Each structure stands twice: as structure tokens, then as C-alpha cells.
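Heads up, data20.cif below (mmCIF, C-alpha atoms):
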```cif
data_structure
loop_
_atom_site.label_atom_id
_atom_site.label_comp_id
_atom_site.auth_asym_id
_atom_site.auth_seq_id
_atom_site.Cartn_x
_atom_site.Cartn_y
_atom_site.Cartn_z
CA MET A 12 6.56 16.09 15.47
CA LYS A 13 8.22 13.68 13.08
CA VAL A 14 7.16 14.22 9.46
CA LEU A 15 7.81 11.57 6.80
CA TYR A 16 7.49 11.92 3.02
CA PHE A 17 7.11 9.16 0.44
CA ALA A 18 7.30 8.72 -3.36
CA TRP A 19 6.95 11.98 -5.35
CA VAL A 20 6.15 13.99 -2.22
CA ARG A 21 9.58 12.94 -0.91
CA GLU A 22 11.26 13.70 -4.25
CA ARG A 23 9.74 17.15 -4.57
CA ILE A 24 10.64 18.16 -1.01
CA GLY A 25 14.05 16.53 -1.27
CA ILE A 26 14.13 14.81 2.13
CA GLU A 27 12.66 11.62 3.59
CA ALA A 28 11.92 12.87 7.09
CA GLU A 29 12.25 15.82 9.42
CA GLU A 30 11.36 16.95 12.90
CA ILE A 31 9.12 20.03 13.05
CA GLU A 32 7.73 22.26 15.75
CA LEU A 33 3.99 22.75 15.17
CA PRO A 34 3.23 26.46 14.82
CA GLN A 35 0.29 28.07 16.60
CA GLY A 36 -2.98 27.50 14.80
CA VAL A 37 -1.95 24.22 13.14
CA ALA A 38 -4.27 21.61 14.61
CA THR A 39 -5.34 19.34 11.74
CA VAL A 40 -3.75 17.31 8.93
CA ALA A 41 -4.92 19.85 6.32
CA GLU A 42 -3.58 22.80 8.35
CA LEU A 43 -0.19 21.12 8.65
CA ALA A 44 -0.12 20.38 4.90
CA ALA A 45 -0.96 24.04 4.21
CA PHE A 46 1.78 25.21 6.57
CA LEU A 47 4.36 22.87 5.01
CA GLY A 48 3.40 24.17 1.57
CA THR A 49 4.70 27.62 2.58
CA ARG A 50 8.18 26.41 3.50
CA GLY A 51 9.81 26.67 0.10
CA GLU A 52 9.64 25.81 -3.57
CA GLY A 53 9.90 22.01 -3.17
CA TYR A 54 7.23 22.00 -0.46
CA ALA A 55 4.96 24.22 -2.52
CA HIS A 56 5.34 21.82 -5.47
CA ALA A 57 4.63 18.78 -3.27
CA PHE A 58 1.50 20.32 -1.77
CA GLU A 59 0.33 22.26 -4.86
CA ASN A 60 -2.78 20.07 -5.02
CA PRO A 61 -3.61 19.30 -1.39
CA ARG A 62 -6.60 17.15 -2.39
CA ILE A 63 -4.24 14.60 -3.94
CA VAL A 64 -1.73 14.26 -1.10
CA ARG A 65 -2.72 11.62 1.47
CA ALA A 66 -1.65 11.44 5.10
CA ALA A 67 -1.18 8.91 7.87
CA LEU A 68 -1.10 9.82 11.55
CA ASP A 69 0.89 7.42 13.72
CA ARG A 70 0.76 4.94 10.82
CA ARG A 71 -3.01 5.07 10.31
CA HIS A 72 -4.74 6.71 7.36
CA ALA A 73 -6.00 10.16 8.31
CA LYS A 74 -8.44 12.59 6.69
CA PRO A 75 -7.69 16.29 6.09
CA ASP A 76 -9.83 17.29 9.09
CA THR A 77 -8.28 14.72 11.45
CA PRO A 78 -6.90 16.54 14.53
CA LEU A 79 -3.14 16.09 15.00
CA GLY A 80 -3.77 15.65 18.73
CA ALA A 81 -0.88 13.96 20.50
CA ALA A 82 0.33 12.07 17.41
CA ARG A 83 4.10 11.63 17.24
CA GLU A 84 4.46 10.88 13.55
CA ILE A 85 2.75 12.06 10.39
CA ALA A 86 3.43 10.93 6.84
CA PHE A 87 2.45 12.60 3.57
CA PHE A 88 2.34 10.63 0.33
CA PRO A 89 0.60 10.27 -3.05
CA PRO A 90 -2.35 7.89 -3.56
CA MET A 91 -1.07 4.35 -3.11
CA THR A 92 -0.20 2.09 -6.03
CA GLY A 93 0.79 -1.21 -4.45
CA GLY A 94 -0.56 -4.68 -5.08
CA MET B 192 -2.65 -18.99 11.21
CA PHE B 193 -2.69 -15.40 9.93
CA THR B 194 0.56 -13.96 8.62
CA VAL B 195 1.57 -10.66 7.01
CA ARG B 196 5.08 -10.20 5.69
CA ILE B 197 6.70 -7.23 3.96
CA GLN B 198 9.97 -8.28 2.38
CA ALA B 199 12.48 -7.55 -0.37
CA GLN B 200 13.13 -11.18 -1.20
CA ASP B 201 11.04 -13.33 -3.52
CA PHE B 202 8.37 -15.78 -2.32
CA ASP B 203 7.25 -19.19 -3.50
CA ALA B 204 3.45 -19.07 -3.85
CA ALA B 205 2.99 -22.86 -3.87
CA ALA B 206 5.24 -23.32 -0.83
CA GLU B 207 3.38 -20.58 1.10
CA ALA B 208 -0.01 -22.15 0.31
CA ALA B 209 1.28 -25.59 1.31
CA ALA B 210 2.70 -24.19 4.56
CA LEU B 211 -0.65 -22.60 5.44
CA ALA B 212 -2.51 -25.90 4.92
CA ARG B 213 0.07 -28.26 6.42
CA GLY B 214 -1.26 -30.43 9.22
CA ARG B 215 -4.75 -28.90 8.99
CA THR B 216 -8.00 -30.81 8.49
CA ASP B 217 -10.41 -27.87 8.74
CA ILE B 218 -9.54 -26.29 5.38
CA GLY B 219 -11.88 -27.10 2.52
CA ALA B 220 -10.86 -24.23 0.25
CA LEU B 221 -7.48 -22.65 -0.30
CA VAL B 222 -7.22 -19.71 -2.70
CA THR B 223 -3.81 -18.46 -3.84
CA PHE B 224 -3.46 -15.17 -5.71
CA ALA B 225 -0.11 -13.88 -6.89
CA GLY B 226 0.41 -10.47 -8.48
CA LEU B 227 3.35 -10.32 -10.89
CA CYS B 228 5.30 -7.57 -12.61
CA ARG B 229 4.19 -7.49 -16.27
CA ALA B 230 6.10 -6.07 -19.20
CA GLN B 231 3.31 -4.32 -21.05
CA ASP B 232 0.31 -2.27 -20.00
CA ALA B 233 -1.14 -1.67 -23.45
CA PRO B 234 -0.38 -3.19 -26.87
CA GLY B 235 2.23 -1.10 -28.65
CA GLY B 236 3.30 0.77 -25.48
CA ALA B 237 6.93 1.05 -24.42
CA PRO B 238 7.78 -2.15 -22.53
CA LEU B 239 8.54 -1.91 -18.85
CA ILE B 240 12.16 -2.46 -17.85
CA ALA B 241 11.57 -2.56 -14.11
CA LEU B 242 9.32 -1.50 -11.25
CA THR B 243 10.66 -0.15 -7.98
CA LEU B 244 8.28 -0.38 -5.05
CA GLU B 245 8.71 2.09 -2.22
CA HIS B 246 6.87 1.43 1.04
CA TYR B 247 6.24 2.92 4.46
CA PRO B 248 7.99 0.49 6.82
CA GLY B 249 5.87 -0.37 9.83
CA MET B 250 2.65 1.06 8.46
CA ALA B 251 2.65 -1.31 5.47
CA GLU B 252 2.55 -4.35 7.74
CA GLU B 253 0.08 -2.77 10.19
CA GLU B 254 -2.33 -1.60 7.49
CA ILE B 255 -2.40 -5.00 5.75
CA GLY B 256 -2.88 -6.57 9.20
CA ARG B 257 -5.94 -4.33 9.70
CA LEU B 258 -7.30 -5.41 6.30
CA VAL B 259 -6.84 -9.06 7.27
CA GLU B 260 -8.78 -8.36 10.50
CA GLN B 261 -11.61 -6.84 8.45
CA ALA B 262 -11.64 -9.88 6.16
CA ARG B 263 -11.81 -12.18 9.21
CA ALA B 264 -14.74 -10.20 10.59
CA ARG B 265 -16.56 -10.65 7.30
CA TRP B 266 -15.80 -14.22 6.26
CA PRO B 267 -15.19 -17.42 8.25
CA LEU B 268 -11.50 -17.64 7.40
CA VAL B 269 -9.34 -20.19 9.15
CA GLY B 270 -6.03 -18.87 7.81
CA ALA B 271 -4.42 -16.28 5.54
CA THR B 272 -0.96 -15.33 4.36
CA VAL B 273 -0.25 -11.96 2.75
CA ILE B 274 3.22 -11.13 1.45
CA HIS B 275 4.08 -7.85 -0.27
CA ARG B 276 7.53 -7.23 -1.71
CA TYR B 277 9.38 -3.94 -2.00
CA GLY B 278 12.44 -2.95 -4.01
CA ARG B 279 13.24 -3.36 -7.70
CA MET B 280 11.39 -5.94 -9.77
CA VAL B 281 11.62 -6.90 -13.43
CA PRO B 282 8.85 -8.37 -15.62
CA GLY B 283 8.02 -11.90 -14.48
CA ASP B 284 8.89 -11.24 -10.84
CA ASN B 285 6.42 -11.79 -8.01
CA ILE B 286 5.09 -8.65 -6.26
CA VAL B 287 2.27 -9.69 -3.96
CA LEU B 288 0.76 -12.89 -2.59
CA VAL B 289 -2.60 -13.46 -0.93
CA VAL B 290 -3.52 -16.93 0.32
CA THR B 291 -6.86 -17.43 2.06
CA ALA B 292 -8.17 -20.58 3.70
CA SER B 293 -11.72 -21.42 4.68
CA ALA B 294 -14.04 -24.39 5.01
CA HIS B 295 -15.82 -23.44 1.77
CA ARG B 296 -14.74 -21.79 -1.45
CA ALA B 297 -16.99 -18.72 -1.55
CA ALA B 298 -15.42 -17.27 1.61
CA ALA B 299 -11.87 -18.02 0.43
CA PHE B 300 -12.42 -16.52 -3.07
CA GLU B 301 -14.24 -13.43 -1.80
CA ALA B 302 -11.80 -12.74 1.02
CA ALA B 303 -8.83 -13.00 -1.36
CA GLU B 304 -10.45 -10.53 -3.74
CA PHE B 305 -11.41 -8.19 -0.89
CA LEU B 306 -7.83 -8.23 0.41
CA MET B 307 -6.35 -7.49 -3.02
CA ASP B 308 -8.86 -4.70 -3.76
CA TRP B 309 -8.22 -2.94 -0.45
CA LEU B 310 -4.51 -3.57 -0.49
CA LYS B 311 -4.19 -1.65 -3.77
CA THR B 312 -5.81 1.48 -2.36
CA ARG B 313 -4.80 1.36 1.34
CA ALA B 314 -1.46 -0.40 1.72
CA PRO B 315 1.30 2.25 1.67
CA PHE B 316 3.27 1.19 -1.42
CA TRP B 317 4.19 3.28 -4.46
CA LYS B 318 5.39 2.00 -7.83
CA MET B 319 8.04 3.74 -9.89
CA GLU B 320 8.19 2.55 -13.49
CA GLU B 321 11.33 2.38 -15.54
CA ARG B 322 10.99 2.38 -19.34
CA ASP B 323 13.30 3.15 -22.27
CA ASP B 324 12.11 6.75 -22.25
CA GLY B 325 12.64 7.31 -18.55
CA LYS B 326 11.25 6.79 -15.07
CA GLY B 327 7.99 7.88 -13.52
CA TRP B 328 5.62 7.25 -10.63
CA VAL B 329 2.58 5.15 -11.46
CA ALA B 330 -0.65 7.12 -11.04
CA ALA B 331 -3.40 5.59 -8.90
CA LYS B 332 -6.24 4.20 -10.98
CA ASP B 333 -9.87 5.19 -10.44
CA GLU B 334 -10.87 1.60 -11.25
CA ASP B 335 -8.91 0.42 -8.21
CA ASP B 336 -10.92 2.76 -5.98
CA THR B 337 -14.13 1.52 -7.60
CA ALA B 338 -13.07 -2.11 -7.03
CA ALA B 339 -12.43 -1.44 -3.34
CA GLU B 340 -15.61 0.58 -2.82
CA ARG B 341 -17.90 -2.22 -3.98
CA TRP B 342 -17.12 -3.98 -0.66
CA ALA B 343 -18.25 -1.01 1.42
#
```
The structure in this file should be written as C-alpha cells.
Amino acid sequence: MKVLYFAWVRERIGIEAEEIELPQGVATVAELAAFLGTRGEGYAHAFENPRIVRAALDRRHAKPDTPLGAAREIAFFPPMTGG
Amino acid sequence: MFTVRIQAQDFDAAAEAAALARGRTDIGALVTFAGLCRAQDAPGGAPLIALTLEHYPGMAEEEIGRLVEQARARWPLVGATVIHRYGRMVPGDNIVLVVTASAHRAAAFEAAEFLMDWLKTRAPFWKMEERDDGKGWVAAKDEDDTAAERWA
């Protein structure tokens, strides 16, 4: 699965995008965020407050309990500040 | 005509509004809203040097397109143009444009406000501020969520 990071999530992790193999037992947005948070210091910092980090699945906003299903791309980012 | 554009380059609000209305006879109300980069948030605060807007290419356009569809389902719009810029902007620069066209003003005003309110909380853009004392990401404001939720 392609994983994208934006704004301070990207800065803390140190990369814009990566390809990851979903481990067993990771079936929802929140489970993937929790798994990513265990991958190192930058990841832990980015996901330290999982309630703040937002996600989009195949370019649509997704909730923590949204199943990853057959999605090809997921993005994690802070609350949006456009406009 | 309904148009969404995500671009680095500047826009001309008057020219975009004129282009939307050109050749039409069904438009009775045309509302143009432009959001600009301002220098100061609070009196006495450190002035802003620049804003850099990061965005999620692809999703930004699609999400604003979905918001335009919601506005069309709610109000009898006959046209709309939404342009959101990304990249580095200095005070005085244009950031976002919403033009709505309808037969009557209430629909055009309300739809423009609806689009701006939802765009601030749902369009995937993030602002990085640059001031004399350094750079930092702008935090999302609760009042923006409240503004969007009143349409629910």
C-alpha cells in the first residue's frame, strides 16, 4: 500500500511517501496509524496523538474505524488549514 | 459552468467572475470571494513574512469538486469557479477564490459561504507561516470547524 505524509506528519517522519506491506491484524485506518507509530522515533512523534492525525483513503477523508479494504493509497496529515 | 483549479500561479478575481458570466443571461447574482494573505493576525504580533501552502495533489481538486457538488445539491447554482493556490505567498497575495452564480442573491451568497467554510476544514491544504522569529505550521482553528458545522 502506498502511504503519503503531509505537513508536520511528513516532517516528523522525514519522508513524503513510502510503500508498505500491511502486517497481519491491520485492517483499519486507526490500526495502520498505530502500527506506523511503532516504526521509529519520527513515526512515534508523528502519531503521538492519534486523535489529531487525519487520514484519507484513496483521496477521500476517512475515519479511524474505516476499513482499509482494497484501497491503494492512504495519506496521513494534520487538520487542514487551507482557505 | 463549474470549475475547480489548484494552481501555483496568481488569479485575477474580476477576470474569473467576468469569464463565468460571459455570454450568460440566466445569472441574476454573482458573488466573488477572494481570500488573501494578511500580514498581521493580532495587533502587536510579529508580522508575517510569508505563507507556504502545501497541498495533496489530486485530492485537493477532487475534494473541492465534491464540495461544489454538495453546494449544487443545496442551492440552485448555475455556475461556480473555485481556485486555490499553493506555494509561497507574501502579504497581499491572493490565496483562494470562490465565485458563485445563481438567479438570485441568497443562493449565491450562501453557497459561497458554504464553500469557503467547508474548504477550510476539508480541502487538503496546510499553511506554514514564516515570521522574524521562525517558521511554524498554522494550527487548525476550532472556529473554522464551528463555521462549517452550522451547515450540517
Exercise for the section: Could you list the residues in chain A lying within 9 Å of chain B, using only C-alpha atoms, and format the result as number ranges by chain? Expected result: A: 17-19, 67, 69-72, 86, 88-94
Generate a file of the selected residues that holds C-alpha atoms, formatted as a PDB file, in the frame of the given file.
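The file below, again25.pdb, is the result:
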```
ATOM      1  CA  PHE A  17       7.110   9.160   0.440  1.00  0.00           C
ATOM      2  CA  ALA A  18       7.300   8.720  -3.360  1.00  0.00           C
ATOM      3  CA  TRP A  19       6.950  11.980  -5.350  1.00  0.00           C
ATOM      4  CA  ALA A  67      -1.180   8.910   7.870  1.00  0.00           C
ATOM      5  CA  ASP A  69       0.890   7.420  13.720  1.00  0.00           C
ATOM      6  CA  ARG A  70       0.760   4.940  10.820  1.00  0.00           C
ATOM      7  CA  ARG A  71      -3.010   5.070  10.310  1.00  0.00           C
ATOM      8  CA  HIS A  72      -4.740   6.710   7.360  1.00  0.00           C
ATOM      9  CA  ALA A  86       3.430  10.930   6.840  1.00  0.00           C
ATOM     10  CA  PHE A  88       2.340  10.630   0.330  1.00  0.00           C
ATOM     11  CA  PRO A  89       0.600  10.270  -3.050  1.00  0.00           C
ATOM     12  CA  PRO A  90      -2.350   7.890  -3.560  1.00  0.00           C
ATOM     13  CA  MET A  91      -1.070   4.350  -3.110  1.00  0.00           C
ATOM     14  CA  THR A  92      -0.200   2.090  -6.030  1.00  0.00           C
ATOM     15  CA  GLY A  93       0.790  -1.210  -4.450  1.00  0.00           C
ATOM     16  CA  GLY A  94      -0.560  -4.680  -5.080  1.00  0.00           C
TER      17      GLY A  94
END
```
Exercise for the section: Specify as a list in words each residue included when the PyMOL selection byres ((chain A and resi 44) around 10) is applied to this file. Expected result: Val37, Thr39, Val40, Ala41, Glu42, Leu43, Ala45, Phe46, Leu47, Gly48, Thr49, Tyr54, Ala55, Ala57, Phe58, Glu59, Pro61, Val64, Arg65, Ala66, Pro75 and Phe87 of chain A
Limited to C-alpha atoms, could you put the picked residues into a file as a PDB file, keeping the file's coordinate frame?
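Listing of out_16.pdb after writing:
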```pdb
ATOM      1  CA  VAL A  37      -1.950  24.220  13.140  1.00  0.00           C
ATOM      2  CA  THR A  39      -5.340  19.340  11.740  1.00  0.00           C
ATOM      3  CA  VAL A  40      -3.750  17.310   8.930  1.00  0.00           C
ATOM      4  CA  ALA A  41      -4.920  19.850   6.320  1.00  0.00           C
ATOM      5  CA  GLU A  42      -3.580  22.800   8.350  1.00  0.00           C
ATOM      6  CA  LEU A  43      -0.190  21.120   8.650  1.00  0.00           C
ATOM      7  CA  ALA A  45      -0.960  24.040   4.210  1.00  0.00           C
ATOM      8  CA  PHE A  46       1.780  25.210   6.570  1.00  0.00           C
ATOM      9  CA  LEU A  47       4.360  22.870   5.010  1.00  0.00           C
ATOM     10  CA  GLY A  48       3.400  24.170   1.570  1.00  0.00           C
ATOM     11  CA  THR A  49       4.700  27.620   2.580  1.00  0.00           C
ATOM     12  CA  TYR A  54       7.230  22.000  -0.460  1.00  0.00           C
ATOM     13  CA  ALA A  55       4.960  24.220  -2.520  1.00  0.00           C
ATOM     14  CA  ALA A  57       4.630  18.780  -3.270  1.00  0.00           C
ATOM     15  CA  PHE A  58       1.500  20.320  -1.770  1.00  0.00           C
ATOM     16  CA  GLU A  59       0.330  22.260  -4.860  1.00  0.00           C
ATOM     17  CA  PRO A  61      -3.610  19.300  -1.390  1.00  0.00           C
ATOM     18  CA  VAL A  64      -1.730  14.260  -1.100  1.00  0.00           C
ATOM     19  CA  ARG A  65      -2.720  11.620   1.470  1.00  0.00           C
ATOM     20  CA  ALA A  66      -1.650  11.440   5.100  1.00  0.00           C
ATOM     21  CA  PRO A  75      -7.690  16.290   6.090  1.00  0.00           C
ATOM     22  CA  PHE A  87       2.450  12.600   3.570  1.00  0.00           C
TER      23      PHE A  87
END
```
Exercise for the section: Could you state which residues are captured by the PyMOL selection byres ((chain B and resi 206-208) around 12) in this file, as a PyMOL selection string? Expected result: chain B and resi 192-196+201-205+209-213+215+218+220-225+270-274+288-292
Grab the residues selected above and save them as a PDB file, keeping the file's coordinate frame with C-alpha atoms.
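File written: out-v7.pdb
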```
ATOM      1  CA  MET B 192      -2.650 -18.990  11.210  1.00  0.00           C
ATOM      2  CA  PHE B 193      -2.690 -15.400   9.930  1.00  0.00           C
ATOM      3  CA  THR B 194       0.560 -13.960   8.620  1.00  0.00           C
ATOM      4  CA  VAL B 195       1.570 -10.660   7.010  1.00  0.00           C
ATOM      5  CA  ARG B 196       5.080 -10.200   5.690  1.00  0.00           C
ATOM      6  CA  ASP B 201      11.040 -13.330  -3.520  1.00  0.00           C
ATOM      7  CA  PHE B 202       8.370 -15.780  -2.320  1.00  0.00           C
ATOM      8  CA  ASP B 203       7.250 -19.190  -3.500  1.00  0.00           C
ATOM      9  CA  ALA B 204       3.450 -19.070  -3.850  1.00  0.00           C
ATOM     10  CA  ALA B 205       2.990 -22.860  -3.870  1.00  0.00           C
ATOM     11  CA  ALA B 209       1.280 -25.590   1.310  1.00  0.00           C
ATOM     12  CA  ALA B 210       2.700 -24.190   4.560  1.00  0.00           C
ATOM     13  CA  LEU B 211      -0.650 -22.600   5.440  1.00  0.00           C
ATOM     14  CA  ALA B 212      -2.510 -25.900   4.920  1.00  0.00           C
ATOM     15  CA  ARG B 213       0.070 -28.260   6.420  1.00  0.00           C
ATOM     16  CA  ARG B 215      -4.750 -28.900   8.990  1.00  0.00           C
ATOM     17  CA  ILE B 218      -9.540 -26.290   5.380  1.00  0.00           C
ATOM     18  CA  ALA B 220     -10.860 -24.230   0.250  1.00  0.00           C
ATOM     19  CA  LEU B 221      -7.480 -22.650  -0.300  1.00  0.00           C
ATOM     20  CA  VAL B 222      -7.220 -19.710  -2.700  1.00  0.00           C
ATOM     21  CA  THR B 223      -3.810 -18.460  -3.840  1.00  0.00           C
ATOM     22  CA  PHE B 224      -3.460 -15.170  -5.710  1.00  0.00           C
ATOM     23  CA  ALA B 225      -0.110 -13.880  -6.890  1.00  0.00           C
ATOM     24  CA  GLY B 270      -6.030 -18.870   7.810  1.00  0.00           C
ATOM     25  CA  ALA B 271      -4.420 -16.280   5.540  1.00  0.00           C
ATOM     26  CA  THR B 272      -0.960 -15.330   4.360  1.00  0.00           C
ATOM     27  CA  VAL B 273      -0.250 -11.960   2.750  1.00  0.00           C
ATOM     28  CA  ILE B 274       3.220 -11.130   1.450  1.00  0.00           C
ATOM     29  CA  LEU B 288       0.760 -12.890  -2.590  1.00  0.00           C
ATOM     30  CA  VAL B 289      -2.600 -13.460  -0.930  1.00  0.00           C
ATOM     31  CA  VAL B 290      -3.520 -16.930   0.320  1.00  0.00           C
ATOM     32  CA  THR B 291      -6.860 -17.430   2.060  1.00  0.00           C
ATOM     33  CA  ALA B 292      -8.170 -20.580   3.700  1.00  0.00           C
TER      34      ALA B 292
END
```
Problem - For CA of Thr243 (chain B) and CA of Gly325 (chain B), the interatomic separation in Å (one decimal) - result: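 According to the coordinates, CA of Thr243 (chain B) and CA of Gly325 (chain B) are separated by 13.1 Å.
The coordinates place CA of Ala262 (chain B) at 11.4 Å from CA of Phe300 (chain B).
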Exercise for the section: Between CA of Leu239 (chain B) and CA of Glu320 (chain B), measure the distance and give it in Å to one decimal. Expected result: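 Spanning CA of Leu239 (chain B) to CA of Glu320 (chain B) is a straight-line distance of 7.0 Å.
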Problem - Residue members of the PyMOL selection byres ((chain A and resi 32) around 12) in the file shown, as a PyMOL selection string - result: chain A and resi 12-14+29-31+33-37+43+46-47+83
Residues from last step as file, C-alpha atoms, as a PDB file, keeping the file's coordinate frame:
```
ATOM      1  CA  MET A  12       6.560  16.090  15.470  1.00  0.00           C
ATOM      2  CA  LYS A  13       8.220  13.680  13.080  1.00  0.00           C
ATOM      3  CA  VAL A  14       7.160  14.220   9.460  1.00  0.00           C
ATOM      4  CA  GLU A  29      12.250  15.820   9.420  1.00  0.00           C
ATOM      5  CA  GLU A  30      11.360  16.950  12.900  1.00  0.00           C
ATOM      6  CA  ILE A  31       9.120  20.030  13.050  1.00  0.00           C
ATOM      7  CA  LEU A  33       3.990  22.750  15.170  1.00  0.00           C
ATOM      8  CA  PRO A  34       3.230  26.460  14.820  1.00  0.00           C
ATOM      9  CA  GLN A  35       0.290  28.070  16.600  1.00  0.00           C
ATOM     10  CA  GLY A  36      -2.980  27.500  14.800  1.00  0.00           C
ATOM     11  CA  VAL A  37      -1.950  24.220  13.140  1.00  0.00           C
ATOM     12  CA  LEU A  43      -0.190  21.120   8.650  1.00  0.00           C
ATOM     13  CA  PHE A  46       1.780  25.210   6.570  1.00  0.00           C
ATOM     14  CA  LEU A  47       4.360  22.870   5.010  1.00  0.00           C
ATOM     15  CA  ARG A  83       4.100  11.630  17.240  1.00  0.00           C
TER      16      ARG A  83
END
```
Handout entry: Nearest to Arg296 (chain B), chosen from B:Pro234, B:Pro267, B:Gly256, B:Gly214, with all atoms listed in the file counted in the distances
Key =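 Nearest candidate to Arg296 (chain B) out of B:Pro234, B:Pro267, B:Gly256, B:Gly214: B:Pro267.
The protein and nucleic acid residues lying at most 10 Å from Pro282 (chain B) are Leu227, Cys228, Arg229, Ala230, Gln231, Pro238, Leu239, Ile240, Ala241 and Leu242 of chain B, with only C-alpha atoms considered and sequence neighbours fewer than 6 positions away removed.
Counting all atoms listed in the file, the residue from B:His295, B:Glu304, B:Val281, B:Asp232 that sits nearest to Val259 (chain B) is B:Glu304.
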Exercise for the section: Return the single residue from B:Phe305, B:Asn285, B:Asp324, B:Ala199 that is closest to Glu260 (chain B), with distances computed using all atoms listed in the file. Expected result: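 Once distances to Glu260 (chain B) are computed over all atoms listed in the file, the minimum belongs to B:Phe305.
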